Each structure stands twice: as structure tokens, then as C-alpha cells.
Amino acid sequence: MEFPAIGVCDGIAMGHEGMKYSLVTRELIADSVECVAKAHQFDALVMIPNCDKIVPGMLMAAARLDLPTVFCSGGPMMPGHLPGHDESNPYSDKNLSLTDMFEAVGGLAVGRVTEAQLREMEQYACPGCGACSGMFTANSMNCLTEVLGLNLQSTREWRLWKCTGAELQRAK
């Protein structure tokens, strides 16, 4: 049986009242996983997390439930690439990560990049599946689950958009 977990995106919740709800979702995720597992009398779990709140929330649920559990993360997101040769944009023709976007927002405030350049960067910075590219909670917790022996070996470093179904089915 497959069931989803809620997730609050810090990028969207940042800078307003929504940020108050970000960390508490870890507890809600743990509670919801625990409720479904207990209500349906699961014998074991396979967790597929890949977000800053979901990985620790699912780890908390696994610890509370004390059931055989395997984690299989989607790995980190590949960096984006801003095409072009715009000399007025310090990010032009460079690989982009989420950290670059944080810096660019600050750069907009001090006149280092224009709003149009920032909007263009937004289109390329996070190009696909996976945890935000940076050693943020999701990637560090995915490393932790592997060290604890809960994660399928090397899944924390998979790049999902490059993998075929057959590659995802066999653990390295």
C-alpha cells in the first residue's frame, strides 16, 4: 500500500507566517506514518523520502514503530545551468544550485543582479527531481540513514533523472 506524506517547502513558506509551520510538519509526518502503519497492521515499511522535513519525520516514525524499515531516497538534485554569456550577470554560463539562488536574492538587494536576471535564474536553478542541491537537511539526513544501515546502499547519491527503472530496482 502506498500513501503520501505532507511536506512544506521552505522556499515557498519563507518570509511570512507560513515559516512557523515548517518544522512542526516533521511531527505531523511521523504521526501520519505511524497512524497508517498501526491502523493497517503493517509488518514492515519502505520509506521513500526526499525533502528536509520528510526524511527526519519518517525516521522518527520508523523509530517509534520499531518495524523492519528500509529507506530509499531519491538522491540530490542535479545542479542547473544558466545558459548564455551575459557579462552583467555573474551567474551567466555557470552551474546553479539552490545556494546560488539564495545569494542571488541578496545580490538583487545590493544591485549585483537585476530582477529580470533573477527570474531567469529561477527557471534553471532546480532542474529536476531530488533533494535541494546543498548539504541541507534532506541530503545530510539521507547520508545519516545510510550510515545507520537504514538506507539502501548508495541511494542517497543516485540521480533519479539519470536512472532507469531497472537501475532503481537493484541496490548497488
# chains A, B, ... in the order shown; residues from 1 in each chain; ligands from 1
$ residues_around --residues "region 79-87 of chain A" --least-positions-apart "3" --cutoff "10 Å" --atoms "only C-alpha atoms" --output "list in words"
Pro76, Pro90, Tyr91, Ser92, Asp93, Lys94, Asn95, Leu96, Ser97, Leu98, Gln117, Glu120, Met121, Glu122, Gln123, Tyr124, Ala125, Cys126, Pro127, Gly128, Cys132, Ser133 and Gly134 of chain A
$ residues_around --residues "Gly111 (chain A)" --least-positions-apart "6" --cutoff "12 Å" --atoms "only C-alpha atoms" --output "PyMOL selection string"
chain A and resi 88-90+103-105+117-118
$ residues_around --residues "Lys38 (chain A)" --least-positions-apart "3" --cutoff "12 Å" --atoms "only C-alpha atoms" --output "PDB file with all heavy atoms, in the first residue's frame"
ATOM      1  N   ASP A  31       3.636  11.295  12.835  1.00  0.00           N
ATOM      2  CA  ASP A  31       2.329  10.863  13.331  1.00  0.00           C
ATOM      3  C   ASP A  31       1.516  10.173  12.244  1.00  0.00           C
ATOM      4  O   ASP A  31       0.889   9.143  12.476  1.00  0.00           O
ATOM      5  CB  ASP A  31       1.531  12.047  13.884  1.00  0.00           C
ATOM      6  CG  ASP A  31       2.095  12.600  15.178  1.00  0.00           C
ATOM      7  OD1 ASP A  31       2.949  11.925  15.809  1.00  0.00           O
ATOM      8  OD2 ASP A  31       1.682  13.712  15.565  1.00  0.00           O
ATOM      9  N   SER A  32       1.506  10.756  11.036  1.00  0.00           N
ATOM     10  CA  SER A  32       0.677  10.189   9.967  1.00  0.00           C
ATOM     11  C   SER A  32       1.203   8.832   9.511  1.00  0.00           C
ATOM     12  O   SER A  32       0.422   7.905   9.270  1.00  0.00           O
ATOM     13  CB  SER A  32       0.550  11.159   8.790  1.00  0.00           C
ATOM     14  OG  SER A  32       1.785  11.370   8.154  1.00  0.00           O
ATOM     15  N   VAL A  33       2.522   8.676   9.416  1.00  0.00           N
ATOM     16  CA  VAL A  33       3.100   7.379   9.050  1.00  0.00           C
ATOM     17  C   VAL A  33       2.767   6.352  10.135  1.00  0.00           C
ATOM     18  O   VAL A  33       2.353   5.224   9.840  1.00  0.00           O
ATOM     19  CB  VAL A  33       4.625   7.480   8.831  1.00  0.00           C
ATOM     20  CG1 VAL A  33       5.255   6.103   8.694  1.00  0.00           C
ATOM     21  CG2 VAL A  33       4.934   8.329   7.609  1.00  0.00           C
ATOM     22  N   GLU A  34       2.927   6.753  11.377  1.00  0.00           N
ATOM     23  CA  GLU A  34       2.632   5.853  12.496  1.00  0.00           C
ATOM     24  C   GLU A  34       1.153   5.441  12.493  1.00  0.00           C
ATOM     25  O   GLU A  34       0.832   4.257  12.683  1.00  0.00           O
ATOM     26  CB  GLU A  34       2.996   6.540  13.812  1.00  0.00           C
ATOM     27  CG  GLU A  34       2.858   5.649  15.015  1.00  0.00           C
ATOM     28  CD  GLU A  34       3.301   6.332  16.304  1.00  0.00           C
ATOM     29  OE1 GLU A  34       3.574   7.552  16.309  1.00  0.00           O
ATOM     30  OE2 GLU A  34       3.367   5.623  17.315  1.00  0.00           O
ATOM     31  N   CYS A  35       0.262   6.381  12.244  1.00  0.00           N
ATOM     32  CA  CYS A  35      -1.176   6.074  12.224  1.00  0.00           C
ATOM     33  C   CYS A  35      -1.517   5.057  11.138  1.00  0.00           C
ATOM     34  O   CYS A  35      -2.233   4.084  11.398  1.00  0.00           O
ATOM     35  CB  CYS A  35      -1.993   7.348  11.986  1.00  0.00           C
ATOM     36  SG  CYS A  35      -2.102   8.425  13.409  1.00  0.00           S
ATOM     37  N   GLN A  41      -1.861  -2.508  10.357  1.00  0.00           N
ATOM     38  CA  GLN A  41      -1.085  -3.642  10.863  1.00  0.00           C
ATOM     39  C   GLN A  41       0.075  -4.029   9.937  1.00  0.00           C
ATOM     40  O   GLN A  41       0.279  -5.199   9.630  1.00  0.00           O
ATOM     41  CB  GLN A  41      -2.002  -4.855  11.087  1.00  0.00           C
ATOM     42  CG  GLN A  41      -3.045  -4.644  12.154  1.00  0.00           C
ATOM     43  CD  GLN A  41      -2.452  -4.641  13.547  1.00  0.00           C
ATOM     44  OE1 GLN A  41      -1.973  -5.665  14.010  1.00  0.00           O
ATOM     45  NE2 GLN A  41      -2.441  -3.499  14.196  1.00  0.00           N
ATOM     46  N   PHE A  42       0.832  -3.029   9.488  1.00  0.00           N
ATOM     47  CA  PHE A  42       1.979  -3.305   8.616  1.00  0.00           C
ATOM     48  C   PHE A  42       3.010  -4.149   9.358  1.00  0.00           C
ATOM     49  O   PHE A  42       3.227  -3.982  10.560  1.00  0.00           O
ATOM     50  CB  PHE A  42       2.640  -2.011   8.157  1.00  0.00           C
ATOM     51  CG  PHE A  42       1.845  -1.225   7.148  1.00  0.00           C
ATOM     52  CD1 PHE A  42       2.260   0.043   6.792  1.00  0.00           C
ATOM     53  CD2 PHE A  42       0.699  -1.729   6.542  1.00  0.00           C
ATOM     54  CE1 PHE A  42       1.565   0.785   5.854  1.00  0.00           C
ATOM     55  CE2 PHE A  42      -0.006  -0.995   5.610  1.00  0.00           C
ATOM     56  CZ  PHE A  42       0.425   0.279   5.265  1.00  0.00           C
ATOM     57  N   ASP A  43       3.677  -5.022   8.611  1.00  0.00           N
ATOM     58  CA  ASP A  43       4.765  -5.834   9.156  1.00  0.00           C
ATOM     59  C   ASP A  43       6.112  -5.168   8.938  1.00  0.00           C
ATOM     60  O   ASP A  43       7.085  -5.488   9.621  1.00  0.00           O
ATOM     61  CB  ASP A  43       4.800  -7.212   8.486  1.00  0.00           C
ATOM     62  CG  ASP A  43       3.560  -8.020   8.796  1.00  0.00           C
ATOM     63  OD1 ASP A  43       3.058  -7.911   9.926  1.00  0.00           O
ATOM     64  OD2 ASP A  43       3.091  -8.746   7.906  1.00  0.00           O
ATOM     65  N   ALA A  44       6.188  -4.303   7.944  1.00  0.00           N
ATOM     66  CA  ALA A  44       7.439  -3.628   7.586  1.00  0.00           C
ATOM     67  C   ALA A  44       7.090  -2.401   6.748  1.00  0.00           C
ATOM     68  O   ALA A  44       5.952  -2.247   6.291  1.00  0.00           O
ATOM     69  CB  ALA A  44       8.339  -4.573   6.791  1.00  0.00           C
ATOM     70  N   LEU A  45       8.080  -1.553   6.552  1.00  0.00           N
ATOM     71  CA  LEU A  45       7.873  -0.334   5.776  1.00  0.00           C
ATOM     72  C   LEU A  45       9.025  -0.108   4.800  1.00  0.00           C
ATOM     73  O   LEU A  45      10.179  -0.432   5.111  1.00  0.00           O
ATOM     74  CB  LEU A  45       7.783   0.887   6.699  1.00  0.00           C
ATOM     75  CG  LEU A  45       6.599   0.953   7.644  1.00  0.00           C
ATOM     76  CD1 LEU A  45       6.847   2.002   8.719  1.00  0.00           C
ATOM     77  CD2 LEU A  45       5.331   1.277   6.880  1.00  0.00           C
ATOM     78  N   ALA A  61       9.173   8.233  12.704  1.00  0.00           N
ATOM     79  CA  ALA A  61       8.113   7.222  12.649  1.00  0.00           C
ATOM     80  C   ALA A  61       8.708   5.822  12.718  1.00  0.00           C
ATOM     81  O   ALA A  61       8.200   4.962  13.449  1.00  0.00           O
ATOM     82  CB  ALA A  61       7.300   7.388  11.372  1.00  0.00           C
ATOM     83  N   ALA A  62       9.787   5.582  11.991  1.00  0.00           N
ATOM     84  CA  ALA A  62      10.423   4.263  11.994  1.00  0.00           C
ATOM     85  C   ALA A  62      10.895   3.900  13.403  1.00  0.00           C
ATOM     86  O   ALA A  62      10.728   2.766  13.850  1.00  0.00           O
ATOM     87  CB  ALA A  62      11.592   4.234  11.009  1.00  0.00           C
ATOM     88  N   ARG A  64       9.685   5.049  16.278  1.00  0.00           N
ATOM     89  CA  ARG A  64       8.526   4.835  17.147  1.00  0.00           C
ATOM     90  C   ARG A  64       7.863   3.484  16.880  1.00  0.00           C
ATOM     91  O   ARG A  64       7.401   2.818  17.799  1.00  0.00           O
ATOM     92  CB  ARG A  64       7.474   5.915  16.896  1.00  0.00           C
ATOM     93  CG  ARG A  64       7.831   7.279  17.383  1.00  0.00           C
ATOM     94  CD  ARG A  64       6.667   8.188  17.052  1.00  0.00           C
ATOM     95  NE  ARG A  64       7.019   9.576  17.182  1.00  0.00           N
ATOM     96  CZ  ARG A  64       6.229  10.565  16.766  1.00  0.00           C
ATOM     97  NH1 ARG A  64       5.077  10.304  16.196  1.00  0.00           N
ATOM     98  NH2 ARG A  64       6.599  11.812  16.922  1.00  0.00           N
ATOM     99  N   LEU A  65       7.785   3.110  15.609  1.00  0.00           N
ATOM    100  CA  LEU A  65       7.070   1.890  15.234  1.00  0.00           C
ATOM    101  C   LEU A  65       7.845   0.615  15.535  1.00  0.00           C
ATOM    102  O   LEU A  65       7.263  -0.436  15.744  1.00  0.00           O
ATOM    103  CB  LEU A  65       6.718   1.934  13.744  1.00  0.00           C
ATOM    104  CG  LEU A  65       5.637   2.945  13.367  1.00  0.00           C
ATOM    105  CD1 LEU A  65       5.635   3.184  11.868  1.00  0.00           C
ATOM    106  CD2 LEU A  65       4.284   2.457  13.855  1.00  0.00           C
ATOM    107  N   ASP A  66       9.169   0.701  15.495  1.00  0.00           N
ATOM    108  CA  ASP A  66      10.027  -0.457  15.733  1.00  0.00           C
ATOM    109  C   ASP A  66       9.663  -1.626  14.812  1.00  0.00           C
ATOM    110  O   ASP A  66       9.554  -2.755  15.233  1.00  0.00           O
ATOM    111  CB  ASP A  66       9.959  -0.876  17.205  1.00  0.00           C
ATOM    112  CG  ASP A  66      11.103  -1.813  17.587  1.00  0.00           C
ATOM    113  OD1 ASP A  66      12.168  -1.742  16.938  1.00  0.00           O
ATOM    114  OD2 ASP A  66      10.912  -2.624  18.512  1.00  0.00           O
ATOM    115  N   LEU A  67       9.467  -1.306  13.529  1.00  0.00           N
ATOM    116  CA  LEU A  67       9.210  -2.306  12.498  1.00  0.00           C
ATOM    117  C   LEU A  67      10.418  -2.376  11.566  1.00  0.00           C
ATOM    118  O   LEU A  67      11.142  -1.382  11.427  1.00  0.00           O
ATOM    119  CB  LEU A  67       7.991  -1.901  11.653  1.00  0.00           C
ATOM    120  CG  LEU A  67       6.623  -1.945  12.299  1.00  0.00           C
ATOM    121  CD1 LEU A  67       5.579  -1.354  11.358  1.00  0.00           C
ATOM    122  CD2 LEU A  67       6.253  -3.368  12.673  1.00  0.00           C
TER     123      LEU A  67
END
$ select_by_dssp --residues "region 27-159 of chain A" --states "alpha helix (DSSP H)" --output "PyMOL selection string"
chain A and resi 27-39+54-65+98-109+115-124+137-147
$ residues_around --residues "Ser22 (chain A)" --least-positions-apart "2" --cutoff "8 Å" --atoms "only C-alpha atoms" --output "JSON, numbers by chain"
{"A": [8, 9, 10, 13, 18, 19, 20, 24, 25, 26, 53]}
$ residues_around --residues "Asn50 (chain A)" --least-positions-apart "2" --cutoff "8 Å" --atoms "only C-alpha atoms" --output "number ranges by chain"
A: 48, 52, 54-55, 73-75, 130-131, 138-139, 142
$ select_by_dssp --residues "region 5-170 of chain A" --states "strand (DSSP E or B)" --output "list in words"
Leu45, Val46, Met47, Thr69, Val70, Phe71, Pro76, Gly80, His81, Leu82, Lys94, Asn95, Leu96, Ala131 and Asn151 of chain A
$ write_last_selection --atoms "N, CA, C and O atoms" --output "PDB file, in the first residue's frame"
ATOM      1  N   LEU A  45       8.080  -1.553   6.552  1.00  0.00           N
ATOM      2  CA  LEU A  45       7.873  -0.334   5.776  1.00  0.00           C
ATOM      3  C   LEU A  45       9.025  -0.108   4.800  1.00  0.00           C
ATOM      4  O   LEU A  45      10.179  -0.432   5.111  1.00  0.00           O
ATOM      5  N   VAL A  46       8.710   0.481   3.671  1.00  0.00           N
ATOM      6  CA  VAL A  46       9.708   1.002   2.744  1.00  0.00           C
ATOM      7  C   VAL A  46       9.415   2.495   2.640  1.00  0.00           C
ATOM      8  O   VAL A  46       8.335   2.894   2.200  1.00  0.00           O
ATOM      9  N   MET A  47      10.346   3.314   3.082  1.00  0.00           N
ATOM     10  CA  MET A  47      10.164   4.768   3.080  1.00  0.00           C
ATOM     11  C   MET A  47      10.897   5.349   1.872  1.00  0.00           C
ATOM     12  O   MET A  47      12.043   4.983   1.607  1.00  0.00           O
ATOM     13  N   THR A  69      12.350  -1.549   8.608  1.00  0.00           N
ATOM     14  CA  THR A  69      12.136  -0.418   7.708  1.00  0.00           C
ATOM     15  C   THR A  69      13.367  -0.208   6.845  1.00  0.00           C
ATOM     16  O   THR A  69      14.498  -0.245   7.341  1.00  0.00           O
ATOM     17  N   VAL A  70      13.130   0.042   5.571  1.00  0.00           N
ATOM     18  CA  VAL A  70      14.201   0.354   4.625  1.00  0.00           C
ATOM     19  C   VAL A  70      13.891   1.717   4.015  1.00  0.00           C
ATOM     20  O   VAL A  70      12.746   1.989   3.646  1.00  0.00           O
ATOM     21  N   PHE A  71      14.906   2.551   3.925  1.00  0.00           N
ATOM     22  CA  PHE A  71      14.770   3.851   3.275  1.00  0.00           C
ATOM     23  C   PHE A  71      15.399   3.778   1.893  1.00  0.00           C
ATOM     24  O   PHE A  71      16.426   3.131   1.701  1.00  0.00           O
ATOM     25  N   PRO A  76      20.319  13.561  -4.375  1.00  0.00           N
ATOM     26  CA  PRO A  76      20.285  15.023  -4.533  1.00  0.00           C
ATOM     27  C   PRO A  76      19.914  15.450  -5.951  1.00  0.00           C
ATOM     28  O   PRO A  76      20.127  14.713  -6.907  1.00  0.00           O
ATOM     29  N   GLY A  80      21.486  23.097 -11.824  1.00  0.00           N
ATOM     30  CA  GLY A  80      21.009  23.664 -13.079  1.00  0.00           C
ATOM     31  C   GLY A  80      22.157  24.352 -13.795  1.00  0.00           C
ATOM     32  O   GLY A  80      23.286  24.394 -13.290  1.00  0.00           O
ATOM     33  N   HIS A  81      21.891  24.882 -14.965  1.00  0.00           N
ATOM     34  CA  HIS A  81      22.919  25.611 -15.704  1.00  0.00           C
ATOM     35  C   HIS A  81      22.251  26.799 -16.388  1.00  0.00           C
ATOM     36  O   HIS A  81      21.286  26.626 -17.135  1.00  0.00           O
ATOM     37  N   LEU A  82      22.737  27.993 -16.100  1.00  0.00           N
ATOM     38  CA  LEU A  82      22.210  29.203 -16.728  1.00  0.00           C
ATOM     39  C   LEU A  82      22.954  29.423 -18.041  1.00  0.00           C
ATOM     40  O   LEU A  82      24.160  29.705 -18.036  1.00  0.00           O
ATOM     41  N   LYS A  94      27.005  29.419 -15.961  1.00  0.00           N
ATOM     42  CA  LYS A  94      27.524  28.702 -14.793  1.00  0.00           C
ATOM     43  C   LYS A  94      26.483  27.692 -14.292  1.00  0.00           C
ATOM     44  O   LYS A  94      25.298  27.839 -14.519  1.00  0.00           O
ATOM     45  N   ASN A  95      26.974  26.671 -13.579  1.00  0.00           N
ATOM     46  CA  ASN A  95      26.072  25.752 -12.906  1.00  0.00           C
ATOM     47  C   ASN A  95      25.443  26.459 -11.720  1.00  0.00           C
ATOM     48  O   ASN A  95      26.104  27.269 -11.056  1.00  0.00           O
ATOM     49  N   LEU A  96      24.176  26.164 -11.452  1.00  0.00           N
ATOM     50  CA  LEU A  96      23.436  26.828 -10.386  1.00  0.00           C
ATOM     51  C   LEU A  96      22.915  25.825  -9.372  1.00  0.00           C
ATOM     52  O   LEU A  96      22.436  24.762  -9.736  1.00  0.00           O
ATOM     53  N   ALA A 131      16.515  15.923  -3.790  1.00  0.00           N
ATOM     54  CA  ALA A 131      16.586  16.883  -2.690  1.00  0.00           C
ATOM     55  C   ALA A 131      17.341  18.124  -3.153  1.00  0.00           C
ATOM     56  O   ALA A 131      18.233  18.053  -4.001  1.00  0.00           O
ATOM     57  N   ASN A 151      19.202   2.892   4.954  1.00  0.00           N
ATOM     58  CA  ASN A 151      19.044   3.267   3.547  1.00  0.00           C
ATOM     59  C   ASN A 151      19.668   2.206   2.658  1.00  0.00           C
ATOM     60  O   ASN A 151      20.731   1.671   2.981  1.00  0.00           O
TER      61      ASN A 151
END
$ closest_residue --among "A:Met14, A:Met1, A:Ala109, A:Met60" --to "His40 (chain A)" --atoms "only C-alpha atoms"
A:Met1
$ atom_distance --atom1 "CA of Glu27 (chain A)" --atom2 "CA of Val147 (chain A)"
22.7 Å
